[in-house]
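Student: Okay, so here is structure.cif, and as you'll see once you scroll down, it has mmCIF, C-alpha atoms and all ligand atoms.
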```cif
data_structure
#
loop_
_atom_site.label_atom_id
_atom_site.label_comp_id
_atom_site.auth_asym_id
_atom_site.auth_seq_id
_atom_site.Cartn_x
_atom_site.Cartn_y
_atom_site.Cartn_z
CA THR A 1 75.05 52.82 63.06
CA GLU A 2 75.31 51.58 66.63
CA ILE A 3 78.52 49.64 65.88
CA SER A 4 80.44 52.44 64.26
CA HIS A 5 79.43 54.73 67.14
CA ASP A 6 80.90 52.22 69.64
CA GLU A 7 83.99 51.83 67.51
CA LYS A 8 84.52 55.58 67.44
CA ILE A 9 84.27 55.81 71.22
CA LYS A 10 86.71 52.94 71.58
CA GLU A 11 89.14 54.86 69.45
CA ARG A 12 88.71 58.02 71.52
CA ILE A 13 89.54 56.23 74.76
CA ALA A 14 92.07 53.69 73.44
CA LYS A 15 95.11 55.64 74.61
CA HIS A 16 93.63 57.22 77.73
CA PRO A 17 94.80 55.40 80.87
CA CYS A 18 91.87 56.58 83.01
CA TYR A 19 88.99 56.22 80.53
CA SER A 20 90.12 52.79 79.38
CA GLU A 21 90.98 50.09 81.88
CA GLU A 22 92.96 48.31 79.21
CA ALA A 23 94.93 51.39 78.18
CA HIS A 24 96.25 51.96 81.67
CA HIS A 25 98.68 49.06 81.33
CA HIS A 26 100.34 50.65 78.32
CA TYR A 27 99.78 54.39 78.34
CA ALA A 28 100.82 57.09 80.76
CA ARG A 29 99.49 60.47 81.86
CA MET A 30 101.08 63.53 83.31
CA HIS A 31 99.59 66.36 85.29
CA VAL A 32 100.82 69.93 85.48
CA ALA A 33 99.95 71.95 88.58
CA VAL A 34 99.10 75.33 87.07
CA ALA A 35 95.80 76.09 88.85
CA PRO A 36 96.17 77.25 92.47
CA ALA A 37 92.85 79.00 93.17
CA CYS A 38 89.55 77.41 94.03
CA ASN A 39 85.99 78.76 94.06
CA ILE A 40 84.32 76.37 96.50
CA GLN A 41 85.19 74.72 99.79
CA CYS A 42 84.98 70.94 100.15
CA ASN A 43 85.11 69.51 103.65
CA TYR A 44 87.71 66.98 102.48
CA CYS A 45 90.11 69.65 101.26
CA ASN A 46 92.89 71.65 102.82
CA ARG A 47 93.88 74.40 100.39
CA LYS A 48 97.54 73.99 101.09
CA TYR A 49 97.39 70.63 99.35
CA ASP A 50 96.25 69.23 96.02
CA CYS A 51 92.61 69.38 94.97
CA ALA A 52 91.04 66.17 96.19
CA ASN A 53 88.56 66.22 93.28
CA GLU A 54 91.07 64.09 91.44
CA SER A 55 94.36 64.45 93.12
CA ARG A 56 95.81 62.81 96.13
CA PRO A 57 94.97 64.94 99.16
CA GLY A 58 97.75 65.73 101.59
CA VAL A 59 100.33 66.24 98.84
CA VAL A 60 101.82 69.62 97.95
CA SER A 61 102.56 70.12 94.25
CA GLU A 62 104.98 72.72 92.90
CA LEU A 63 103.09 75.43 91.07
CA LEU A 64 104.09 76.09 87.47
CA THR A 65 103.41 78.89 85.02
CA PRO A 66 101.81 77.84 81.70
CA GLU A 67 105.20 78.30 80.00
CA GLU A 68 106.97 76.13 82.57
CA ALA A 69 104.22 73.56 82.26
CA ALA A 70 104.54 73.42 78.47
CA HIS A 71 108.30 72.99 78.81
CA LYS A 72 107.74 70.17 81.29
CA VAL A 73 105.29 68.42 78.96
CA LEU A 74 107.73 68.53 76.05
CA VAL A 75 110.56 67.23 78.22
CA ILE A 76 108.50 64.37 79.61
CA ALA A 77 106.80 63.40 76.34
CA GLY A 78 110.28 63.14 74.84
CA LYS A 79 111.50 60.87 77.63
CA ILE A 80 108.47 58.64 78.22
CA PRO A 81 107.22 57.21 74.92
CA GLN A 82 103.97 55.84 76.43
CA MET A 83 102.96 59.39 77.41
CA THR A 84 99.63 60.12 75.73
CA VAL A 85 97.62 62.39 78.03
CA LEU A 86 98.18 65.74 79.71
CA GLY A 87 95.72 66.45 82.51
CA ILE A 88 95.13 69.60 84.54
CA ALA A 89 93.66 68.70 87.90
CA GLY A 90 94.80 71.24 90.40
CA PRO A 91 96.13 71.94 92.90
CA GLY A 92 92.93 74.08 93.03
CA ASP A 93 90.15 74.03 90.46
CA PRO A 94 91.36 74.40 86.85
CA LEU A 95 88.31 76.45 85.84
CA ALA A 96 88.78 78.84 88.75
CA ASN A 97 92.07 79.66 86.97
CA PRO A 98 90.83 79.79 83.38
CA GLU A 99 93.59 81.93 81.91
CA LYS A 100 96.36 79.70 83.29
CA THR A 101 94.56 76.50 82.38
CA PHE A 102 93.66 77.49 78.82
CA ARG A 103 97.01 79.13 78.13
CA THR A 104 98.68 75.84 79.11
CA PHE A 105 96.36 73.84 76.85
CA GLU A 106 96.98 76.26 73.96
CA LEU A 107 100.74 76.00 74.28
CA ILE A 108 100.60 72.21 74.34
CA ALA A 109 98.07 71.91 71.51
CA ASP A 110 100.41 74.07 69.46
CA LYS A 111 103.68 72.28 70.24
CA ALA A 112 102.51 68.71 70.89
CA PRO A 113 99.22 68.28 69.03
CA ASP A 114 99.15 64.51 69.45
CA ILE A 115 99.05 64.73 73.26
CA LYS A 116 95.43 64.36 74.43
CA LEU A 117 94.20 67.08 76.75
CA CYS A 118 92.24 66.24 79.89
CA LEU A 119 90.60 68.40 82.53
CA SER A 120 89.11 67.82 85.95
CA THR A 121 86.81 70.31 87.68
CA ASN A 122 84.29 70.76 90.46
CA GLY A 123 81.94 71.94 87.70
CA LEU A 124 81.00 75.35 89.11
CA MET A 125 82.34 77.28 86.11
CA LEU A 126 82.05 74.51 83.52
CA PRO A 127 78.97 75.80 81.62
CA ASP A 128 80.87 79.01 80.83
CA TYR A 129 83.80 77.16 79.26
CA VAL A 130 82.45 74.20 77.31
CA ASP A 131 82.78 76.07 74.00
CA ARG A 132 86.39 76.93 74.73
CA ILE A 133 87.08 73.36 75.83
CA LYS A 134 85.58 72.04 72.61
CA LYS A 135 87.55 74.46 70.45
CA LEU A 136 90.79 73.32 72.08
CA ASN A 137 89.89 69.74 71.31
CA VAL A 138 89.84 68.70 74.97
CA ASP A 139 87.95 65.41 74.64
CA HIS A 140 88.00 64.24 78.28
CA VAL A 141 86.46 66.22 81.12
CA THR A 142 85.90 65.03 84.67
CA ILE A 143 83.35 66.61 87.00
CA THR A 144 83.42 65.73 90.68
CA ILE A 145 79.80 65.21 91.70
CA ASN A 146 79.25 64.09 95.27
CA MET A 147 75.50 64.66 95.49
CA VAL A 148 72.41 65.41 93.43
CA ASP A 149 70.47 66.43 96.55
CA PRO A 150 71.55 69.80 97.96
CA GLU A 151 70.54 68.68 101.49
CA VAL A 152 73.25 66.02 101.31
CA GLY A 153 75.60 68.61 99.84
CA THR A 154 75.35 70.90 102.88
CA LYS A 155 77.39 68.33 104.80
CA ILE A 156 80.13 68.40 102.16
CA TYR A 157 80.33 72.02 100.98
CA PRO A 158 80.25 74.94 103.46
CA TRP A 159 80.48 77.67 100.81
CA VAL A 160 80.67 78.53 97.13
CA HIS A 161 82.13 81.67 95.57
CA TYR A 162 80.20 82.43 92.40
CA ARG A 163 80.22 85.55 90.22
CA ARG A 164 81.89 87.72 92.85
CA LYS A 165 79.59 86.64 95.67
CA ARG A 166 80.03 84.18 98.50
CA TYR A 167 77.12 81.85 99.25
CA LYS A 168 76.69 79.58 102.25
CA GLY A 169 74.55 76.63 103.25
CA ILE A 170 71.88 75.22 101.01
CA GLU A 171 71.88 78.27 98.75
CA ALA A 172 75.54 77.63 97.95
CA VAL A 173 75.03 73.94 97.30
CA ARG A 174 72.02 74.58 95.05
CA ILE A 175 74.16 76.78 92.82
CA LEU A 176 76.89 74.15 92.65
CA HIS A 177 74.38 71.40 91.89
CA GLU A 178 72.64 73.36 89.13
CA ARG A 179 75.94 74.29 87.52
CA GLN A 180 77.19 70.70 87.65
CA MET A 181 74.04 69.43 85.95
CA GLU A 182 74.20 72.22 83.37
CA GLY A 183 77.87 71.42 82.70
CA LEU A 184 77.15 67.73 82.27
CA GLN A 185 74.40 68.52 79.78
CA ALA A 186 76.61 70.94 77.85
CA LEU A 187 79.40 68.33 77.59
CA LYS A 188 76.94 65.83 76.21
CA GLU A 189 75.66 68.32 73.65
CA ALA A 190 79.23 69.14 72.64
CA ASP A 191 80.05 65.41 72.38
CA ILE A 192 82.90 65.58 74.90
CA LEU A 193 83.51 62.42 76.93
CA CYS A 194 82.66 63.03 80.56
CA LYS A 195 83.78 61.08 83.58
CA VAL A 196 82.18 61.75 86.93
CA ASN A 197 84.22 61.35 90.10
CA SER A 198 82.44 60.91 93.41
CA VAL A 199 84.12 60.86 96.79
CA MET A 200 82.50 58.21 98.99
CA ILE A 201 82.01 59.60 102.50
CA PRO A 202 80.51 57.07 104.94
CA GLY A 203 77.45 58.35 106.76
CA ILE A 204 77.27 61.44 104.51
CA ASN A 205 76.76 60.43 100.89
CA ASP A 206 77.47 56.68 100.75
CA GLU A 207 73.79 55.73 100.55
CA HIS A 208 73.10 58.57 98.15
CA LEU A 209 75.74 57.73 95.53
CA ALA A 210 73.62 55.07 93.79
CA GLU A 211 71.18 57.90 93.05
CA VAL A 212 74.05 60.08 91.83
CA ASP A 213 75.11 57.20 89.57
CA ARG A 214 71.58 56.92 88.16
CA VAL A 215 71.25 60.64 87.48
CA ILE A 216 74.63 61.17 85.83
CA ARG A 217 74.18 58.10 83.66
CA GLU A 218 70.81 59.36 82.52
CA LYS A 219 72.43 62.70 81.68
CA GLY A 220 75.04 61.08 79.49
CA ALA A 221 78.19 60.64 81.61
CA PHE A 222 80.50 58.08 80.06
CA LEU A 223 82.21 56.72 83.14
CA HIS A 224 81.70 56.85 86.91
CA ASN A 225 84.66 56.76 89.28
CA ILE A 226 83.70 56.36 92.93
CA MET A 227 86.77 57.13 95.02
CA PRO A 228 87.25 56.59 98.75
CA LEU A 229 87.54 59.60 101.04
CA ILE A 230 91.13 59.82 102.24
CA SER A 231 90.98 61.49 105.61
CA ALA A 232 93.67 61.93 108.23
CA PRO A 233 93.72 64.49 111.07
CA GLU A 234 97.19 65.66 109.96
CA HIS A 235 95.81 66.75 106.58
CA GLY A 236 93.99 69.50 108.45
CA THR A 237 90.72 69.12 106.54
CA HIS A 238 87.32 69.60 108.15
CA PHE A 239 86.59 65.88 107.84
CA GLY A 240 90.05 65.00 109.14
CA LEU A 241 89.59 67.21 112.18
CA THR A 242 86.08 65.94 112.94
CA GLY A 243 87.19 62.32 112.78
CA GLN A 244 85.23 61.50 109.62
CA ARG A 245 86.48 58.13 108.35
CA GLY A 246 86.86 56.95 104.78
CA PRO A 247 85.21 53.74 103.54
CA THR A 248 86.86 50.34 103.91
CA PRO A 249 87.92 48.64 100.65
CA LYS A 250 84.99 46.27 101.13
CA GLU A 251 82.47 49.10 101.51
CA LEU A 252 83.86 50.81 98.42
CA LYS A 253 83.68 47.65 96.34
CA ALA A 254 80.13 46.92 97.47
CA LEU A 255 79.00 50.36 96.31
CA GLN A 256 80.88 50.07 93.01
CA ASP A 257 79.29 46.66 92.40
CA LYS A 258 75.86 48.03 93.17
CA CYS A 259 76.28 50.87 90.67
CA ALA A 260 77.95 48.68 88.04
CA GLY A 261 74.68 46.82 87.61
CA SER A 262 73.88 49.42 84.98
CA ASN A 263 75.35 49.58 81.50
CA MET A 264 77.57 52.55 82.28
CA LYS A 265 81.10 51.53 83.04
CA MET A 266 82.56 51.95 86.51
CA MET A 267 86.15 53.02 86.80
CA ARG A 268 87.91 50.77 89.29
CA HIS A 269 91.56 51.40 88.54
CA CYS A 270 91.84 55.01 89.77
CA ARG A 271 94.98 55.65 91.79
CA GLN A 272 94.05 59.09 93.12
CA CYS A 273 96.99 60.80 91.51
CA ARG A 274 98.94 63.85 92.58
CA ALA A 275 98.27 67.15 90.78
CA ASP A 276 101.80 66.77 89.36
CA ALA A 277 101.68 63.00 88.70
CA VAL A 278 103.85 61.56 85.93
CA GLY A 279 103.87 58.04 84.49
CA LEU A 280 101.66 54.98 84.29
CA LEU A 281 98.83 54.99 86.84
CA GLY A 282 100.22 53.65 90.07
CA GLU A 283 103.75 54.58 89.11
CA ASP A 284 104.88 57.92 90.50
CA ARG A 285 107.72 59.53 88.61
CA SER A 286 106.89 63.08 89.69
CA GLN A 287 110.12 63.38 91.69
CA GLU A 288 112.21 62.82 88.54
CA PHE A 289 110.63 65.94 87.09
CA THR A 290 110.60 68.52 89.85
CA LYS A 291 110.86 72.12 88.70
CA GLU A 292 114.52 72.24 89.65
CA LYS A 293 115.20 69.21 87.46
CA PHE A 294 112.99 69.64 84.40
CA LEU A 295 113.96 73.29 83.86
CA GLU A 296 117.51 72.02 83.27
CA MET A 297 116.38 69.46 80.70
CA ALA A 298 115.97 70.24 77.00
CA PRO A 299 112.58 69.55 75.44
CA GLU A 300 113.24 66.59 73.16
CA TYR A 301 109.74 66.02 71.94
CA ASN A 302 108.98 66.34 68.21
CA LEU A 303 112.47 67.57 67.39
FE1 LIG B 401 94.54 63.05 84.99
FE2 LIG B 401 92.13 62.65 85.76
FE3 LIG B 401 92.62 63.15 83.24
FE4 LIG B 401 93.28 60.86 84.31
S1 LIG B 401 93.92 61.20 86.49
S2 LIG B 401 92.95 64.55 84.92
S3 LIG B 401 91.20 61.61 84.05
S4 LIG B 401 94.58 62.16 83.03
FE5 LIG B 401 92.94 59.01 86.49
FE6 LIG B 401 94.43 59.76 88.43
FE7 LIG B 401 92.17 58.59 88.99
FE8 LIG B 401 92.20 60.96 87.97
S5 LIG B 401 93.88 57.66 87.96
S6 LIG B 401 92.99 60.48 89.93
S7 LIG B 401 90.94 59.30 87.31
FE1 LIG B 402 89.75 71.62 97.38
FE2 LIG B 402 89.34 70.77 94.91
FE3 LIG B 402 87.27 71.05 96.59
FE4 LIG B 402 88.52 73.19 95.64
S1 LIG B 402 87.34 71.68 94.45
S2 LIG B 402 87.93 72.86 97.76
S3 LIG B 402 90.67 72.52 95.57
S4 LIG B 402 88.95 69.58 96.77
#
```
For this file, produce the structure as structure tokens.
Ligand code: CLF
Ligand code: SF4

Tutor:
Amino acid sequence: TEISHDEKIKERIAKHPCYSEEAHHHYARMHVAVAPACNIQCNYCNRKYDCANESRPGVVSELLTPEEAAHKVLVIAGKIPQMTVLGIAGPGDPLANPEKTFRTFELIADKAPDIKLCLSTNGLMLPDYVDRIKKLNVDHVTITINMVDPEVGTKIYPWVHYRRKRYKGIEAVRILHERQMEGLQALKEADILCKVNSVMIPGINDEHLAEVDRVIREKGAFLHNIMPLISAPEHGTHFGLTGQRGPTPKELKALQDKCAGSNMKMMRHCRQCRADAVGLLGEDRSQEFTKEKFLEMAPEYNL
């Protein structure tokens, strides 16, 4: 019935600080930075820093191997009892580094099966991996979708590297768009909860994001998270260097309100985390668990 379906979804998000507004007061997430490569270029990204799909741009995270990452997760889960979710969100695109990403998930599923697995991607390679994601019991996947009109996308994405070929201009953006829509559909069919992140870029996609909201909702996304562009010249991104501004808090809220008119929930408590974030949202304990430090700590979880 309708009610038991709602109840089941409530249960699936109850301990996920991003998918449930309520949960974020009580439950924590951690990210491990195992995925350095990326397969597209976003104009809000500088590859030296974290993937801005989810993670705070302008921050450099320490890269870990899957084994180091698993060790880190066991250390942290033993020390922070509210820790419920492990996310992979960069510093590049997790699915442009499938072996590292899935090896990390496998190690954690094996050693800490009660930790929920979470993944964030630009979506380009998602259709290829939904089966693997489902098999690993990853129940939360985020796709960053900034446009559903490739014309708009040409101002955001200069190129896409897909199946050993580099594409530019509208051809590149069409591939990205089609793959994102295909990925969204495949997640829905596999019954995996999908959040869509959109970066609000004034003058580029701000007026278009209501349409994005409509399309992704229709295609079964569970939650929409519209995030402000963070752009500073010193980040060295294309938008930073061309003086592109981010939205004001008022502009962001107006757009979120406009989209929230629908029945799909809007996420409003995103803190644009680092790719190595640790703790409750808004609390940054990543510096307590740098590689130098956590490698010296014994994994205490589940012992
Ligand atoms: Fe991490 Fe993202 Fe999973 Fe959350 S973050 S991979 S869904 S566990 Fe959360 Fe951070 Fe916002 Fe992301 S507050 S940037 S939405
Ligand atoms: Fe940068 Fe992420 Fe975009 Fe790749 S997907 S270019 S890492 S913001």

Student: Around ligand LIG 402 (chain B), with edges along x, y and z and 6 Å added on all six sides, what centre and edge lengths do you get, in Å to one decimal, as lines of an AutoDock Vina configuration file?

Tutor:
```
center_x = 89.0
center_y = 71.4
center_z = 96.1
size_x = 15.4
size_y = 15.6
size_z = 15.3
```

Student: Tell me, in Å to one decimal, how far CA of Glu171 (chain A) is from CA of Asp149 (chain A).

Tutor: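 For CA of Glu171 (chain A) relative to CA of Asp149 (chain A), the distance reads 12.1 Å.
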
Student: Fewer than 2 positions away in the same chain doesn't count, so skip those; otherwise give me all residues within 7 Å of Lys116 (chain A), counting only C-alpha atoms, as number ranges by chain.

Tutor: A: 84-86, 114, 118

Student: Write to file, as a short mmCIF file (atom, residue, chain, number, x, y, z; two decimals), in the coordinates of the input, the residues of the selection just made, with C-alpha atoms.

Tutor:
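Heads up, here's the output in part35.cif:
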```
data_model
loop_
_atom_site.label_atom_id
_atom_site.label_comp_id
_atom_site.auth_asym_id
_atom_site.auth_seq_id
_atom_site.Cartn_x
_atom_site.Cartn_y
_atom_site.Cartn_z
CA THR A 84 99.63 60.12 75.73
CA VAL A 85 97.62 62.39 78.03
CA LEU A 86 98.18 65.74 79.71
CA ASP A 114 99.15 64.51 69.45
CA CYS A 118 92.24 66.24 79.89
#
```

Student: What are the closest atom pairs, with distances in Å to one decimal, for each residue of chain A lying within 8 Å of ligand LIG 402 (chain B), using all atoms listed in the file, rows by chain and rising residue number, as a tab-separated table?

Tutor:
```
residue	atom	partner	partner_atom	distance
A:Pro36	CA	B:LIG402	S3	7.9
A:Ala37	CA	B:LIG402	S3	7.2
A:Cys38	CA	B:LIG402	FE4	4.6
A:Asn39	CA	B:LIG402	FE4	6.3
A:Ile40	CA	B:LIG402	S2	5.2
A:Gln41	CA	B:LIG402	S2	3.9
A:Cys42	CA	B:LIG402	FE3	4.2
A:Asn43	CA	B:LIG402	S2	7.3
A:Tyr44	CA	B:LIG402	S4	6.4
A:Cys45	CA	B:LIG402	FE1	4.4
A:Asn46	CA	B:LIG402	FE1	6.3
A:Arg47	CA	B:LIG402	FE1	5.8
A:Tyr49	CA	B:LIG402	S3	7.9
A:Asp50	CA	B:LIG402	S3	6.5
A:Cys51	CA	B:LIG402	FE2	3.6
A:Ala52	CA	B:LIG402	S4	4.0
A:Asn53	CA	B:LIG402	S4	4.9
A:Glu54	CA	B:LIG402	FE2	7.7
A:Pro57	CA	B:LIG402	S4	8.0
A:Gly90	CA	B:LIG402	S3	6.7
A:Pro91	CA	B:LIG402	S3	6.1
A:Gly92	CA	B:LIG402	S3	3.7
A:Asp93	CA	B:LIG402	S3	5.4
A:Thr121	CA	B:LIG402	S1	6.9
A:Asn122	CA	B:LIG402	S1	5.1
```

Student: Which is closest to ligand LIG 401 (chain B) among A:Cys259, A:Ile9, A:Val141, A:Ile192, if we use only C-alpha atoms and all ligand atoms?

Tutor: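 Closest to ligand LIG 401 (chain B), using only C-alpha atoms and all ligand atoms: A:Val141.
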
Student: Taking all atoms listed in the file into account, which residues are within 6 Å of ligand LIG 401 (chain B), as a VMD selection string?

Tutor: chain A and resid 18 29 54 to 55 85 87 to 89 118 to 120 270 to 273 281

Student: Restricting the calculation to all atoms listed in the file: of A:Ser198, A:Pro17, A:Ala221, A:Ala28, which residue gets closest to Asp284 (chain A)?

Tutor: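 The answer is A:Ala28, which sits nearest to Asp284 (chain A).
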
Student: Place a sphere of radius 10 Å on (85.5, 78.2, 80.2) in the file coordinates and name every protein, DNA or RNA residue with an atom inside or on its surface, counting only C-alpha atoms; give the answer as a VMD selection string.

Tutor: chain A and resid 94 to 99 101 to 102 125 to 134

Student: Nearest to Ala277 (chain A): which of A:Arg164, A:Thr290, A:Gln180, A:Tyr27 is it, counting all atoms listed in the file?

Tutor: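 Using all atoms listed in the file, Ala277 (chain A) sits closest to A:Thr290.
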
Student: Between A:Glu11, A:Asp213, A:Glu106, A:Glu234, which has the minimum distance to Val59 (chain A) (counting all atoms listed in the file)?

Tutor: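 Checking each candidate against Val59 (chain A), we get A:Glu234 as the closest.
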
Student: Looking at A:Asn197, A:Thr104, A:Asn137, A:Asn205, which one is nearest to Pro150 (chain A), with distances taken over all atoms listed in the file?

Tutor: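 Ranking A:Asn197, A:Thr104, A:Asn137, A:Asn205 by distance to Pro150 (chain A), first place goes to A:Asn205.
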
Student: When you count all atoms listed in the file, which of these residues is closest to Ala70 (chain A): A:Gly58, A:Ala172, A:Ala112, A:Lys155?

Tutor: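 Counting all atoms listed in the file, the residue closest to Ala70 (chain A) is A:Ala112.
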